[in-house]
>>> print(open('model25.txt').read())   # compact mmCIF, C-alpha atoms
# COMPACT_ATOMS: atom_id res chain seq x y z
CA MET F 1 -106.77 -11.50 49.37
CA VAL F 2 -108.22 -12.01 45.88
CA ASP F 3 -111.17 -9.74 46.68
CA ARG F 4 -108.72 -7.02 47.71
CA LYS F 5 -106.97 -7.29 44.36
CA TRP F 6 -110.24 -6.86 42.51
CA LYS F 7 -111.15 -3.81 44.60
CA ALA F 8 -107.72 -2.29 44.05
CA MET F 9 -108.03 -2.86 40.32
CA ARG F 10 -111.40 -1.13 40.26
CA MET F 11 -110.04 1.84 42.15
CA ALA F 12 -107.00 2.05 39.86
CA MET F 13 -109.10 2.23 36.73
CA ASP F 14 -110.54 5.68 36.20
CA GLY F 15 -114.33 5.68 36.20
CA SER F 16 -114.44 7.55 32.91
CA LEU F 17 -112.49 4.69 31.31
CA TRP F 18 -115.25 2.20 32.07
CA GLY F 19 -117.64 4.64 30.47
CA HIS F 20 -116.16 3.84 27.06
CA LEU F 21 -117.12 0.14 27.17
CA PRO F 22 -120.66 0.81 25.83
CA VAL F 23 -119.01 1.65 22.50
CA LEU F 24 -118.84 -2.14 22.02
CA VAL F 25 -122.63 -2.18 21.73
CA ARG F 26 -122.20 -0.59 18.31
CA ALA F 27 -120.53 -3.75 17.00
CA ASN F 28 -122.80 -5.55 14.58
CA SER F 29 -122.08 -9.01 16.04
CA LYS F 30 -120.46 -10.98 18.83
CA GLU F 31 -117.86 -12.09 16.30
CA SER F 32 -116.76 -8.48 15.84
CA VAL F 33 -116.07 -8.08 19.56
CA GLU F 34 -114.29 -11.44 19.50
CA TYR F 35 -112.08 -10.21 16.65
CA ILE F 36 -111.21 -7.06 18.59
CA LEU F 37 -110.14 -9.00 21.66
CA GLN F 38 -108.04 -11.44 19.64
CA ALA F 39 -106.35 -8.61 17.77
CA LEU F 40 -105.55 -6.82 21.02
CA TRP F 41 -103.91 -9.95 22.37
CA ARG F 42 -102.02 -10.55 19.13
CA THR F 43 -100.63 -7.00 19.26
CA CYS F 44 -100.09 -6.76 23.02
CA ARG F 45 -96.35 -6.18 22.54
CA THR F 46 -96.36 -4.19 19.32
CA GLY F 47 -99.52 -2.09 19.41
CA LEU F 48 -102.17 -1.94 16.71
CA ASP F 49 -101.23 -1.03 13.18
CA ALA F 50 -103.22 1.36 11.01
CA THR F 51 -105.12 -1.46 9.31
CA ASP F 52 -106.41 -2.91 12.57
CA ARG F 53 -107.44 0.52 13.80
CA ASP F 54 -109.39 1.15 10.61
CA ILE F 55 -111.11 -2.23 10.93
CA PHE F 56 -112.03 -1.51 14.55
CA CYS F 57 -113.50 1.88 13.68
CA GLU F 58 -115.55 0.32 10.91
CA MET F 59 -116.82 -2.48 13.17
CA LEU F 60 -117.76 -0.02 15.91
CA GLN F 61 -119.05 2.67 13.53
CA LEU F 62 -116.67 5.28 14.94
CA PRO F 63 -116.08 8.37 12.79
CA ASN F 64 -112.96 9.38 14.73
CA GLN F 65 -110.07 7.13 15.78
CA SER F 66 -109.47 9.25 18.87
CA ASP F 67 -112.68 7.79 20.29
CA LEU F 68 -111.16 4.33 19.95
CA ASP F 69 -108.14 4.66 22.24
CA PRO F 70 -109.89 4.84 25.66
CA LEU F 71 -111.87 1.70 24.80
CA LEU F 72 -108.73 -0.17 23.77
CA VAL F 73 -106.91 0.80 26.97
CA CYS F 74 -109.82 -0.51 29.04
CA LEU F 75 -109.97 -3.78 27.11
CA ARG F 76 -106.22 -4.33 27.37
CA MET F 77 -106.39 -3.84 31.13
CA LEU F 78 -109.16 -6.42 31.37
CA ILE F 79 -107.20 -8.89 29.24
CA ARG F 80 -104.05 -8.47 31.31
CA ARG F 81 -105.93 -9.01 34.56
CA CYS F 82 -107.66 -12.08 33.23
CA VAL F 83 -104.53 -13.69 31.75
CA TYR F 84 -101.58 -12.66 33.90
CA GLU F 85 -103.37 -13.05 37.22
CA ASN F 86 -105.00 -16.26 35.95
CA ILE F 87 -108.33 -15.38 37.49
CA ASN F 88 -110.71 -18.27 37.89
CA LYS F 89 -113.22 -18.32 35.04
CA ASP F 90 -116.10 -18.20 37.50
CA ASN F 91 -114.76 -14.93 38.91
CA ILE F 92 -114.00 -13.04 35.70
CA GLN F 93 -117.31 -11.20 35.85
CA LYS F 94 -116.29 -9.79 39.24
CA LEU F 95 -113.67 -7.71 37.44
CA PHE F 96 -116.39 -5.38 36.24
CA PRO F 97 -117.83 -2.60 38.43
CA SER F 98 -121.58 -2.46 38.76
CA GLU F 99 -121.92 0.48 36.38
CA VAL F 100 -120.92 -1.65 33.39
CA LEU F 101 -123.99 -2.76 31.47
CA PRO F 102 -125.02 -6.34 32.38
CA GLU F 103 -125.12 -7.39 28.73
CA LEU F 104 -121.55 -6.17 28.23
CA GLN F 105 -120.41 -7.96 31.37
CA ARG F 106 -121.91 -11.22 30.10
CA LEU F 107 -120.45 -10.85 26.60
CA LEU F 108 -116.93 -9.93 27.72
CA THR F 109 -116.95 -12.57 30.45
CA LEU F 110 -117.93 -15.22 27.93
CA LEU F 111 -115.18 -14.21 25.49
CA LEU F 112 -112.48 -13.84 28.16
CA GLN F 113 -113.34 -17.30 29.45
CA LYS F 114 -113.15 -18.64 25.91
CA PHE F 115 -109.61 -17.37 25.25
CA GLN F 116 -108.08 -17.38 28.73
CA ARG F 117 -106.52 -20.84 28.45
CA GLU F 118 -105.12 -20.20 24.97
CA TRP F 119 -103.62 -16.86 26.01
CA ARG F 120 -102.14 -18.39 29.16
CA GLU F 121 -100.42 -21.00 27.01
CA ASP F 122 -99.01 -18.22 24.83
CA ILE F 123 -97.25 -16.52 27.75
CA LEU F 124 -95.97 -19.84 29.09
CA LYS F 125 -94.32 -20.52 25.73
CA ASP F 126 -92.36 -17.30 26.13
CA GLN F 127 -90.99 -18.25 29.52
CA VAL F 128 -87.33 -19.18 29.84
CA THR F 129 -87.17 -22.51 31.65
CA VAL F 130 -84.28 -24.54 32.96
CA PRO F 131 -84.36 -28.29 32.15
CA ARG F 132 -85.08 -30.48 35.16
CA LEU F 133 -82.54 -33.07 36.28
CA LYS F 134 -84.27 -36.43 36.09
CA THR F 135 -81.46 -38.88 36.90
CA MET F 136 -77.71 -38.81 37.42
CA THR F 137 -75.31 -41.77 37.31
CA TRP F 138 -71.54 -41.99 37.35
CA ASN F 139 -68.69 -44.46 37.08
CA MET F 140 -64.89 -44.39 37.12
CA ALA F 141 -62.84 -44.55 33.93
CA ASN F 142 -59.20 -45.57 33.56
CA GLU F 143 -59.26 -47.39 36.89
CA ASP F 144 -56.85 -50.05 35.66
CA THR F 145 -54.48 -47.72 33.83
CA ASP F 146 -51.33 -46.69 35.68
CA SER F 147 -50.24 -43.99 33.25
CA THR F 148 -53.43 -41.94 33.36
CA ASP F 149 -55.20 -40.45 36.34
CA PRO F 150 -58.70 -41.86 36.80
CA VAL F 151 -61.63 -39.62 35.94
CA ALA F 152 -65.29 -39.71 36.86
CA VAL F 153 -67.73 -40.16 33.99
CA ILE F 154 -70.99 -38.31 34.76
CA ASN F 155 -74.24 -39.22 32.97
CA LEU F 156 -77.16 -36.80 33.31
CA LYS F 157 -80.70 -37.21 32.01
CA LEU F 158 -82.49 -33.84 31.71
CA GLN F 159 -86.24 -33.37 31.30
CA ASN F 160 -87.59 -30.33 29.44
CA ASP F 161 -91.13 -29.64 30.63
CA VAL F 162 -91.96 -26.87 28.15
CA PRO F 163 -94.91 -28.16 26.03
CA SER F 164 -93.45 -26.79 22.79
CA ASN F 165 -90.10 -28.50 23.35
CA SER F 166 -90.71 -31.33 25.79
CA GLY F 167 -88.55 -34.44 26.00
CA GLU F 168 -85.43 -35.89 27.54
CA VAL F 169 -81.82 -35.05 26.81
CA ASP F 170 -78.78 -37.14 27.79
CA VAL F 171 -75.60 -35.32 28.79
CA ARG F 172 -72.28 -37.15 29.35
CA PHE F 173 -68.98 -35.64 30.47
CA GLN F 174 -65.80 -36.52 32.35
CA LEU F 175 -64.26 -34.87 35.40
CA ALA F 176 -60.83 -35.24 36.94
CA LYS F 177 -60.43 -35.07 40.71
CA ASP F 178 -59.54 -31.36 40.84
CA THR F 179 -62.33 -30.37 38.47
CA LEU F 180 -64.85 -32.47 40.38
CA GLN F 181 -63.90 -30.75 43.63
CA THR F 182 -64.39 -27.34 42.01
CA MET F 183 -67.79 -28.36 40.64
CA LEU F 184 -69.01 -29.62 44.01
CA SER F 185 -67.88 -26.38 45.67
CA SER F 186 -69.91 -24.41 43.12
CA MET F 187 -73.21 -26.26 43.55
CA TYR F 188 -74.76 -23.86 46.04
CA PRO F 189 -73.95 -20.66 44.09
CA ILE F 190 -75.33 -22.27 40.94
CA ARG F 191 -78.54 -23.19 42.75
CA ASP F 192 -78.95 -19.59 43.94
CA GLN F 193 -78.34 -18.23 40.46
CA LEU F 194 -80.94 -20.56 38.95
CA SER F 195 -83.46 -19.44 41.59
CA ASP F 196 -82.79 -15.80 40.71
CA THR F 197 -83.27 -16.61 37.03
CA GLY F 198 -86.71 -18.08 37.76
CA ILE F 199 -87.76 -14.97 39.67
CA THR F 200 -86.57 -12.69 36.87
CA THR F 201 -88.46 -14.73 34.31
CA ASP F 202 -91.71 -14.56 36.26
CA ARG F 203 -91.39 -10.80 36.56
CA HIS F 204 -90.72 -10.46 32.87
CA VAL F 205 -93.75 -12.55 31.91
CA SER F 206 -96.07 -10.69 34.26
CA GLN F 207 -95.35 -7.42 32.51
CA ASP F 208 -97.15 -6.22 29.43
CA THR F 209 -97.18 -3.14 27.30
CA ASN F 210 -99.82 -0.43 27.49
CA MET F 211 -99.92 0.02 23.74
CA VAL F 212 -103.27 0.59 22.10
>>> encode(input="model25.txt", output="structure tokens")
Amino acid sequence: MVDRKWKAMRMAMDGSLWGHLPVLVRANSKESVEYILQALWRTCRTGLDATDRDIFCEMLQLPNQSDLDPLLVCLRMLIRRCVYENINKDNIQKLFPSEVLPELQRLLTLLLQKFQREWREDILKDQVTVPRLKTMTWNMANEDTDSTDPVAVINLKLQNDVPSNSGEVDVRFQLAKDTLQTMLSSMYPIRDQLSDTGITTDRHVSQDTNMV
């Protein structure tokens, strides 16, 4: 199944697009290529500004910015495949067709491996997550009071698993008999809605812009 995805990706990318990767050979250092990749990730939602484009052209010794765009499209496609499909680091090099120069394959594979984990963490931070119910306890209030109807006191302990905002939260509320019955009747629809929210979030995170 994974091999099929790689083959489909290769077929989807126009052969002439791969032909622009050798422009990276003009970079005066590995650090320059590293800067380009980091900048492309940093601007994946906004697109490059004029300053970044000027810096790229200077690093790659390009006299015309129009020569830059096909290279940036190709690199963004590689980054998206590596990050959003979470390809195993040992298989990143298989993303490249055979016509890509071996030295470029090695360099880009090394850099994509270097930043893959960091970039994956970035997209996970943007995910909308629902706190996980850790424990629930309850007890009856006003049991010995004749003038007031008894209510159930619900105590929830929620666990947030997002690394940037992890921890536990205690929630306490009271429910009368009628309200409790309504809540119990709504449990299944709520579960379905939460499931739909998770699916929507995954779809949103898997998408990226095609800006250069």
>>> atom_distance(input="model25.txt", atom1="CA of Thr43 in chain F", atom2="CA of Leu60 in chain F")
18.8 Å
>>> residues_near_point(input="model25.txt", point="(-107.5, -7.0, 30.5)", cutoff="12 Å", atoms="only C-alpha atoms", output="number ranges by chain")
F: 9, 13, 37-38, 40-41, 44, 71-87, 92-93, 95-96, 108-109, 111-113, 115-116, 119, 208-210
>>> residues_around(input="model25.txt", residues="Gln61 in chain F", least_positions_apart="5", cutoff="10 Å", atoms="all atoms listed in the file", output="list of chain:residue names")
F:Val23, F:Leu24, F:Arg26, F:Ala27, F:Asn28, F:Ile55, F:Phe56
>>> write_last_selection(input="model25.txt", atoms="C-alpha atoms", output="tab-separated table (two decimals), keeping the file's coordinate frame")
chain	number	residue	atom	x	y	z
F	23	VAL	CA	-119.01	1.65	22.50
F	24	LEU	CA	-118.84	-2.14	22.02
F	26	ARG	CA	-122.20	-0.59	18.31
F	27	ALA	CA	-120.53	-3.75	17.00
F	28	ASN	CA	-122.80	-5.55	14.58
F	55	ILE	CA	-111.11	-2.23	10.93
F	56	PHE	CA	-112.03	-1.51	14.55
>>> atom_distance(input="model25.txt", atom1="CA of Gln174 in chain F", atom2="CA of Met136 in chain F")
13.1 Å
>>> decode(input="model25.txt", residues="range 56-67 of chain F", atoms="all heavy atoms", output="short mmCIF file (atom, residue, chain, number, x, y, z; two decimals), in the first residue's frame")
data_model
loop_
_atom_site.label_atom_id
_atom_site.label_comp_id
_atom_site.auth_asym_id
_atom_site.auth_seq_id
_atom_site.Cartn_x
_atom_site.Cartn_y
_atom_site.Cartn_z
N PHE F 56 16.63 33.75 -1.24
CA PHE F 56 16.75 32.48 -1.97
C PHE F 56 17.50 32.67 -3.28
O PHE F 56 18.37 31.87 -3.64
CB PHE F 56 15.35 31.92 -2.27
CG PHE F 56 14.67 31.28 -1.08
CD1 PHE F 56 15.17 31.44 0.20
CD2 PHE F 56 13.52 30.54 -1.25
CE1 PHE F 56 14.54 30.87 1.30
CE2 PHE F 56 12.88 29.96 -0.17
CZ PHE F 56 13.38 30.12 1.10
N CYS F 57 17.12 33.72 -4.03
CA CYS F 57 17.78 33.97 -5.32
C CYS F 57 19.27 34.23 -5.14
O CYS F 57 20.10 33.78 -5.94
CB CYS F 57 17.11 35.15 -6.02
SG CYS F 57 15.50 34.77 -6.74
N GLU F 58 19.60 34.94 -4.08
CA GLU F 58 21.02 35.21 -3.80
C GLU F 58 21.75 33.93 -3.44
O GLU F 58 22.87 33.68 -3.92
CB GLU F 58 21.14 36.23 -2.67
CG GLU F 58 22.57 36.62 -2.35
CD GLU F 58 22.65 37.66 -1.25
OE1 GLU F 58 21.59 38.19 -0.85
OE2 GLU F 58 23.77 37.95 -0.80
N MET F 59 21.14 33.09 -2.59
CA MET F 59 21.78 31.83 -2.19
C MET F 59 21.99 30.90 -3.38
O MET F 59 23.00 30.21 -3.46
CB MET F 59 20.91 31.12 -1.15
CG MET F 59 20.94 31.73 0.23
SD MET F 59 19.87 30.80 1.36
CE MET F 59 20.33 31.52 2.94
N LEU F 60 21.02 30.90 -4.30
CA LEU F 60 21.06 29.98 -5.43
C LEU F 60 21.63 30.62 -6.69
O LEU F 60 21.64 29.99 -7.75
CB LEU F 60 19.65 29.45 -5.72
CG LEU F 60 19.00 28.68 -4.56
CD1 LEU F 60 17.55 28.35 -4.89
CD2 LEU F 60 19.77 27.41 -4.27
N GLN F 61 22.05 31.88 -6.57
CA GLN F 61 22.67 32.60 -7.69
C GLN F 61 21.73 32.62 -8.91
O GLN F 61 22.14 32.35 -10.03
CB GLN F 61 24.01 31.97 -8.06
CG GLN F 61 24.98 31.86 -6.89
CD GLN F 61 26.24 31.10 -7.23
OE1 GLN F 61 26.87 31.37 -8.27
NE2 GLN F 61 26.63 30.16 -6.39
N LEU F 62 20.48 32.96 -8.66
CA LEU F 62 19.48 33.03 -9.73
C LEU F 62 19.26 34.48 -10.13
O LEU F 62 18.90 35.32 -9.30
CB LEU F 62 18.16 32.42 -9.26
CG LEU F 62 18.15 30.91 -8.99
CD1 LEU F 62 16.80 30.48 -8.45
CD2 LEU F 62 18.48 30.14 -10.26
N PRO F 63 19.43 34.80 -11.40
CA PRO F 63 19.23 36.18 -11.83
C PRO F 63 17.76 36.57 -11.96
O PRO F 63 17.42 37.75 -11.94
CB PRO F 63 19.91 36.22 -13.21
CG PRO F 63 19.81 34.81 -13.70
CD PRO F 63 19.93 33.94 -12.48
N ASN F 64 16.88 35.58 -12.08
CA ASN F 64 15.46 35.83 -12.30
C ASN F 64 14.63 35.04 -11.31
O ASN F 64 14.79 33.83 -11.18
CB ASN F 64 15.09 35.44 -13.74
CG ASN F 64 13.74 35.99 -14.15
OD1 ASN F 64 12.85 36.17 -13.31
ND2 ASN F 64 13.58 36.26 -15.43
N GLN F 65 13.71 35.72 -10.62
CA GLN F 65 12.88 35.04 -9.62
C GLN F 65 11.91 34.04 -10.25
O GLN F 65 11.44 33.12 -9.57
CB GLN F 65 12.10 36.06 -8.79
CG GLN F 65 12.96 36.83 -7.80
CD GLN F 65 12.13 37.46 -6.70
OE1 GLN F 65 10.93 37.23 -6.60
NE2 GLN F 65 12.77 38.26 -5.86
N SER F 66 11.60 34.19 -11.51
CA SER F 66 10.70 33.25 -12.16
C SER F 66 11.31 31.85 -12.22
O SER F 66 10.58 30.86 -12.32
CB SER F 66 10.35 33.73 -13.58
OG SER F 66 11.51 33.79 -14.39
N ASP F 67 12.63 31.77 -12.17
CA ASP F 67 13.29 30.47 -12.16
C ASP F 67 13.18 29.79 -10.80
O ASP F 67 13.49 28.60 -10.67
CB ASP F 67 14.77 30.63 -12.53
CG ASP F 67 14.97 31.18 -13.93
OD1 ASP F 67 14.11 30.90 -14.79
OD2 ASP F 67 15.97 31.88 -14.16
#
